[in-house]
Structures are given as structure tokens and as C-alpha cells.
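J.: Below you'll find coords15.txt; it's compact mmCIF, C-alpha atoms.
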# COMPACT_ATOMS: atom_id res chain seq x y z
CA MET I 1 -11.69 -9.48 9.74
CA ASN I 2 -13.36 -11.19 12.68
CA ARG I 3 -11.73 -13.76 14.94
CA TRP I 4 -13.48 -16.79 13.42
CA THR I 5 -12.53 -15.79 9.87
CA ARG I 6 -8.89 -15.40 10.98
CA ILE I 7 -9.01 -18.86 12.58
CA LYS I 8 -10.61 -20.39 9.45
CA GLU I 9 -8.03 -18.77 7.13
CA THR I 10 -5.17 -19.85 9.41
CA LEU I 11 -6.46 -23.45 9.47
CA LYS I 12 -6.76 -23.43 5.67
CA ILE I 13 -3.11 -22.50 5.14
CA ARG I 14 -1.84 -24.82 7.87
CA ILE I 15 -3.80 -27.79 6.48
CA PHE I 16 -2.62 -26.90 2.97
CA GLY I 17 0.92 -26.74 4.34
CA PHE I 18 0.62 -30.07 6.12
CA ALA I 19 -0.78 -31.77 3.01
CA LYS I 20 1.21 -30.10 0.23
CA ILE I 21 4.13 -28.00 1.54
CA PRO I 22 5.25 -29.18 4.99
CA LEU I 23 7.56 -26.20 5.53
CA ILE I 24 4.50 -23.93 5.68
CA TRP I 25 3.02 -26.08 8.44
CA PHE I 26 6.40 -26.26 10.20
CA VAL I 27 6.75 -22.46 10.63
CA ALA I 28 3.18 -22.13 12.05
CA PRO I 29 1.91 -19.02 10.23
CA SER I 30 -1.26 -17.22 11.29
CA VAL I 31 -3.53 -15.09 9.14
CA LEU I 32 -4.36 -11.71 10.63
CA GLU I 33 -6.12 -10.23 7.61
CA VAL I 34 -6.98 -11.13 4.02
CA GLY I 35 -8.52 -8.53 1.78
CA ILE I 36 -8.09 -6.40 -1.32
CA GLU I 37 -6.67 -3.50 0.65
CA ARG I 38 -4.37 -5.50 2.93
CA THR I 39 -3.22 -9.05 3.55
CA GLU I 40 -1.23 -9.79 6.70
CA ILE I 41 0.39 -13.04 7.81
CA VAL I 42 2.49 -13.44 10.97
CA ILE I 43 5.18 -16.04 11.62
CA PRO I 44 6.46 -16.28 15.19
CA LEU I 45 10.17 -16.20 15.95
CA THR I 46 10.75 -19.57 17.59
CA ARG I 47 13.51 -22.13 17.80
CA ARG I 48 12.15 -23.56 14.53
CA THR I 49 12.26 -20.27 12.61
CA ARG I 50 15.40 -18.53 13.82
CA ASN I 51 18.99 -18.73 12.73
CA HIS I 52 22.20 -18.88 14.76
CA LEU I 53 22.04 -15.06 15.28
CA LYS I 54 18.60 -15.35 16.92
CA SER I 55 16.86 -13.55 14.07
CA MET I 56 14.43 -15.06 11.57
CA TYR I 57 16.04 -17.46 9.13
CA PHE I 58 16.13 -16.38 5.46
CA GLY I 59 14.10 -19.41 4.38
CA THR I 60 11.35 -18.59 6.89
CA LEU I 61 11.23 -15.00 5.62
CA ALA I 62 10.80 -16.34 2.07
CA ILE I 63 7.93 -18.58 3.23
CA GLY I 64 6.19 -15.60 4.84
CA ALA I 65 6.54 -13.47 1.71
CA ASP I 66 5.26 -16.36 -0.42
CA LEU I 67 2.21 -16.78 1.82
CA ALA I 68 1.34 -13.10 1.96
CA GLY I 69 1.43 -12.97 -1.83
CA GLY I 70 -0.25 -16.31 -2.43
CA VAL I 71 -3.11 -16.38 0.09
CA LEU I 72 -4.93 -13.41 -1.41
CA PHE I 73 -4.47 -14.77 -4.93
CA MET I 74 -5.88 -18.17 -3.96
CA ASN I 75 -8.90 -16.59 -2.25
CA LEU I 76 -9.65 -14.25 -5.17
CA MET I 77 -9.17 -17.11 -7.64
CA ALA I 78 -11.71 -19.25 -5.74
CA GLU I 79 -14.14 -16.31 -5.52
CA ALA I 80 -13.91 -15.81 -9.28
CA GLY I 81 -14.42 -19.54 -9.94
CA LEU I 82 -11.11 -19.54 -11.81
CA LYS I 83 -8.98 -22.64 -12.21
CA ALA I 84 -5.37 -21.70 -12.82
CA SER I 85 -1.84 -22.83 -12.17
CA PHE I 86 0.38 -20.26 -10.53
CA VAL I 87 3.92 -19.93 -9.34
CA PHE I 88 6.21 -17.21 -8.13
CA LYS I 89 8.59 -16.76 -11.05
CA ASP I 90 11.19 -14.66 -9.30
CA MET I 91 11.86 -12.78 -6.10
CA SER I 92 14.01 -9.87 -5.03
CA ALA I 93 14.56 -8.98 -1.41
CA GLN I 94 16.04 -6.08 0.51
CA PHE I 95 17.00 -6.84 4.08
CA LEU I 96 16.98 -3.61 6.08
CA LYS I 97 17.11 -4.71 9.74
CA ARG I 98 17.39 -7.90 11.74
CA ALA I 99 14.07 -9.73 11.95
CA ASP I 100 14.52 -10.43 15.66
CA GLY I 101 10.88 -10.85 16.69
CA ASP I 102 7.59 -12.19 15.33
CA VAL I 103 7.47 -11.07 11.69
CA HIS I 104 4.34 -9.68 10.03
CA PHE I 105 4.23 -10.02 6.24
CA ILE I 106 2.01 -7.34 4.72
CA SER I 107 0.85 -7.07 1.13
CA LEU I 108 -0.97 -4.02 -0.16
CA SER I 109 -1.01 -5.39 -3.74
CA GLY I 110 -4.58 -6.70 -3.73
CA LYS I 111 -5.75 -4.45 -6.57
CA ASP I 112 -2.83 -5.60 -8.73
CA VAL I 113 -3.73 -9.24 -8.01
CA GLN I 114 -7.37 -8.55 -8.82
CA ALA I 115 -6.35 -6.98 -12.15
CA LEU I 116 -4.16 -10.01 -12.86
CA ILE I 117 -7.12 -12.34 -12.32
CA GLU I 118 -9.21 -10.30 -14.76
CA ARG I 119 -6.45 -10.62 -17.39
CA VAL I 120 -6.18 -14.37 -16.77
CA LYS I 121 -9.94 -14.81 -17.25
CA THR I 122 -9.78 -13.31 -20.75
CA SER I 123 -6.45 -14.61 -22.02
CA PRO I 124 -5.19 -18.13 -22.67
CA ASP I 125 -1.62 -16.85 -22.27
CA ARG I 126 0.41 -16.80 -19.07
CA GLN I 127 -0.01 -13.51 -17.21
CA GLU I 128 2.27 -11.90 -14.61
CA ALA I 129 2.11 -9.26 -11.89
CA THR I 130 4.53 -8.08 -9.23
CA VAL I 131 3.45 -8.40 -5.62
CA VAL I 132 5.23 -6.32 -2.98
CA ILE I 133 5.47 -7.66 0.57
CA ASN I 134 6.72 -5.63 3.52
CA ALA I 135 8.03 -7.61 6.48
CA THR I 136 7.80 -5.82 9.84
CA VAL I 137 8.49 -6.60 13.48
CA PRO I 138 5.90 -4.33 15.14
CA LYS I 139 6.91 -5.06 18.74
CA LYS I 140 10.44 -3.79 18.10
CA TYR I 141 10.32 -1.47 15.07
CA GLY I 142 6.69 -0.45 14.64
CA ASP I 143 5.74 -0.07 10.98
CA ASP I 144 9.34 0.23 9.75
CA PRO I 145 10.08 -2.69 7.42
CA VAL I 146 12.83 -5.15 8.26
CA ALA I 147 12.66 -6.49 4.70
CA ILE I 148 10.91 -5.73 1.42
CA PHE I 149 10.14 -8.52 -1.04
CA LYS I 150 9.06 -8.21 -4.66
CA LEU I 151 7.69 -11.43 -6.14
CA THR I 152 6.51 -11.97 -9.70
CA LEU I 153 3.30 -14.00 -9.71
CA SER I 154 2.95 -15.97 -12.94
CA VAL I 155 -0.49 -17.41 -13.71
CA LYS I 156 -1.99 -19.50 -16.50
CA ARG I 157 -5.66 -20.38 -16.75
CA LEU I 158 -6.44 -24.08 -16.85
CA LYS I 159 -8.92 -25.31 -19.44
What would you get if you wrote out this structure as C-alpha cells?
T.:
Amino acid sequence: MNRWTRIKETLKIRIFGFAKIPLIWFVAPSVLEVGIERTEIVIPLTRRTRNHLKSMYFGTLAIGADLAGGVLFMNLMAEAGLKASFVFKDMSAQFLKRADGDVHFISLSGKDVQALIERVKTSPDRQEATVVINATVPKKYGDDPVAIFKLTLSVKRLK
């Protein structure tokens, strides 16, 4: 993903956040990559995003997982010309280490999301898929996850 595409994608989610979900705008996420194979969002550890233990606040981690799962879906939905309502129905999280640096939220579930969109196109019923998001702090722990999120994406095609 080239620099200008990253900037454009980052502006899209920040403007969306400012207009619709101010907490997204507040945590200042950046898009590093959006694609079928990998989607990566980073949220910096700042005074706004950290807790009293100087690690990333639980709510900020949830926002990052939501974005990593939702950005790819929204892009694929637009590409397919699909109008749908979607929500994350549930979430489970495993916290493995302190998120005490800038956190990268990585989804490798693009093919599952693509399959979900195909099901939504052909069915009037609500469809679901699980999206897995790994949260890492590369500067401190490399590729080892600090948290693993599993979110159920629930989608219904609009008429």
C-alpha cells in the first residue's frame, strides 16, 4: 500500500470518526494497510489512550479491534456495490501482555469477510462471520500479540 493510499484511508476513518463516532477520531488511528491478505491499523499510546498503569486503556484496544475488523468490510462492501447494515454482535478478548506502546491491530480474516459479503449478496437473511484481530506492540514485543480479539460481524443486506 503506497503512502498516499495510507493517508487517504486514514483520513476516511478519521473523518468518519469525527462525524459519526467521535471516540474513533479521539484516539487518532492510522491505517498502515488494507487488503484481503492483511489489514493493519495503529493507535498511538498517548495521554488520551493510556490508563493509570501507562498501558493502553481497554476501551482504546476495543476501538482498534473494531476498526481493524470494520475497515476492510466497509471497503469490500463499497467495492461490491453492496448496501448493508452491519454491527459487531459480540467480542471475546484475551489479554496476554501489557499494551505499553503504540498498538498495531492486525486482521488476517479478509477471505472470511469476502465470503461473508458473497453470502450477504445472495441472501435476504442476516449473515455472520468471526473476525480475528491480533494486537501487537512491535517496538517492544515484535510480532508477539499483546491481545487477541474475536469479533462476530453480523450483516444484513439493505433493500
J.: Would you mind telling me which residue in I:Asp100, I:Asp90, I:Glu33, I:Glu9 lies nearest to Leu53 (chain I) when using all atoms listed in the file?
T.: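 Among the listed residues, the smallest separation from Leu53 (chain I) belongs to I:Asp100.
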J.: Go ahead and compute the interatomic distance for CA of Thr10 (chain I) and CA of Arg119 (chain I), in Å to one decimal.
T.: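 The value is 28.4 Å.
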J.: One decimal, in Å: what's the spacing between CA of Ala129 (chain I) and CA of Thr49 (chain I)?
T.: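 We find that CA of Ala129 (chain I) and CA of Thr49 (chain I) lie 28.7 Å from each other.
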J.: Return the single residue from I:Ala115, I:Leu108, I:Leu82, I:Ala99 that is closest to Val131 (chain I), with distances computed using only C-alpha atoms.
T.: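 Closest candidate: I:Leu108.
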J.: Enter the distance from CA of Lys159 (chain I) to CA of Met74 (chain I), in Å, rounded to one decimal.
T.: 17.3 Å
J.: Counting only C-alpha atoms, which residue out of I:Leu151, I:Val146, I:Ala93, I:Met77 sits closest to Glu118 (chain I)?
T.: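 Result for the nearest residue to Glu118 (chain I): I:Met77.
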J.: With only C-alpha atoms as the counted atoms, please give the residues lying no more than 12 Å from Ser109 (chain I), apart from itself and same-chain residues fewer than 2 positions off, as number ranges by chain.
T.: I: 34-40, 68-73, 106-107, 111-116, 129-134, 149-153
J.: Using only C-alpha atoms, what does the table of region 13-132 of chain I residues within 7 Å of region 137-144 of chain I look like, with each row giving the shortest atom pair and its distance in Å to one decimal, sorted by chain and ascending number, as a Markdown table?
T.:
| residue | atom | partner | partner_atom | distance |
| --- | --- | --- | --- | --- |
| I:Ala99 | CA | I:Val137 | CA | 6.6 |
| I:Gly101 | CA | I:Val137 | CA | 5.8 |
| I:Asp102 | CA | I:Val137 | CA | 6.0 |
| I:Val103 | CA | I:Val137 | CA | 4.9 |
| I:His104 | CA | I:Val137 | CA | 6.2 |
J.: Build an axis-aligned box that encloses every atom of region 113-119 of chain I listed in the file, pad it by 6 Å on each side, and report its centre and edge lengths in Å to one decimal, as JSON.
T.:
{"center_x": -6.5, "center_y": -9.7, "center_z": -12.7, "size_x": 17.5, "size_y": 17.4, "size_z": 21.4}
J.: Within 9 Å of Ala84 (chain I), counting only C-alpha atoms, which residues qualify if same-chain residues fewer than 4 places away don't, as a ChimeraX atom specification?
T.: /I:77,120,155-159
J.: Ranking I:Met91, I:Ala147, I:Ala80, I:Ile41 by minimum distance to Val27 (chain I) and counting all atoms listed in the file, which one comes first?
T.: I:Ile41
J.: Give me, as a PyMOL selection string, all polymer residues having an atom no more than 8 Å from region 57-64 of chain I, counting only C-alpha atoms and skipping those fewer than 5 positions away in the same chain.
T.: chain I and resi 23-24+27+29+41-43+49-51+105
J.: Restricting the calculation to all atoms listed in the file, which member of I:Phe86, I:Phe95, I:Trp4, I:Trp25 is positioned closest to Ile148 (chain I)?
T.: I:Phe95
J.: Nearest to Ala135 (chain I) among I:Lys83, I:Lys54, I:Arg3, I:Arg98, with distances taken over all atoms listed in the file: which residue is it?
T.: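 Looking at the shortest contact to Ala135 (chain I), the residue is I:Arg98.
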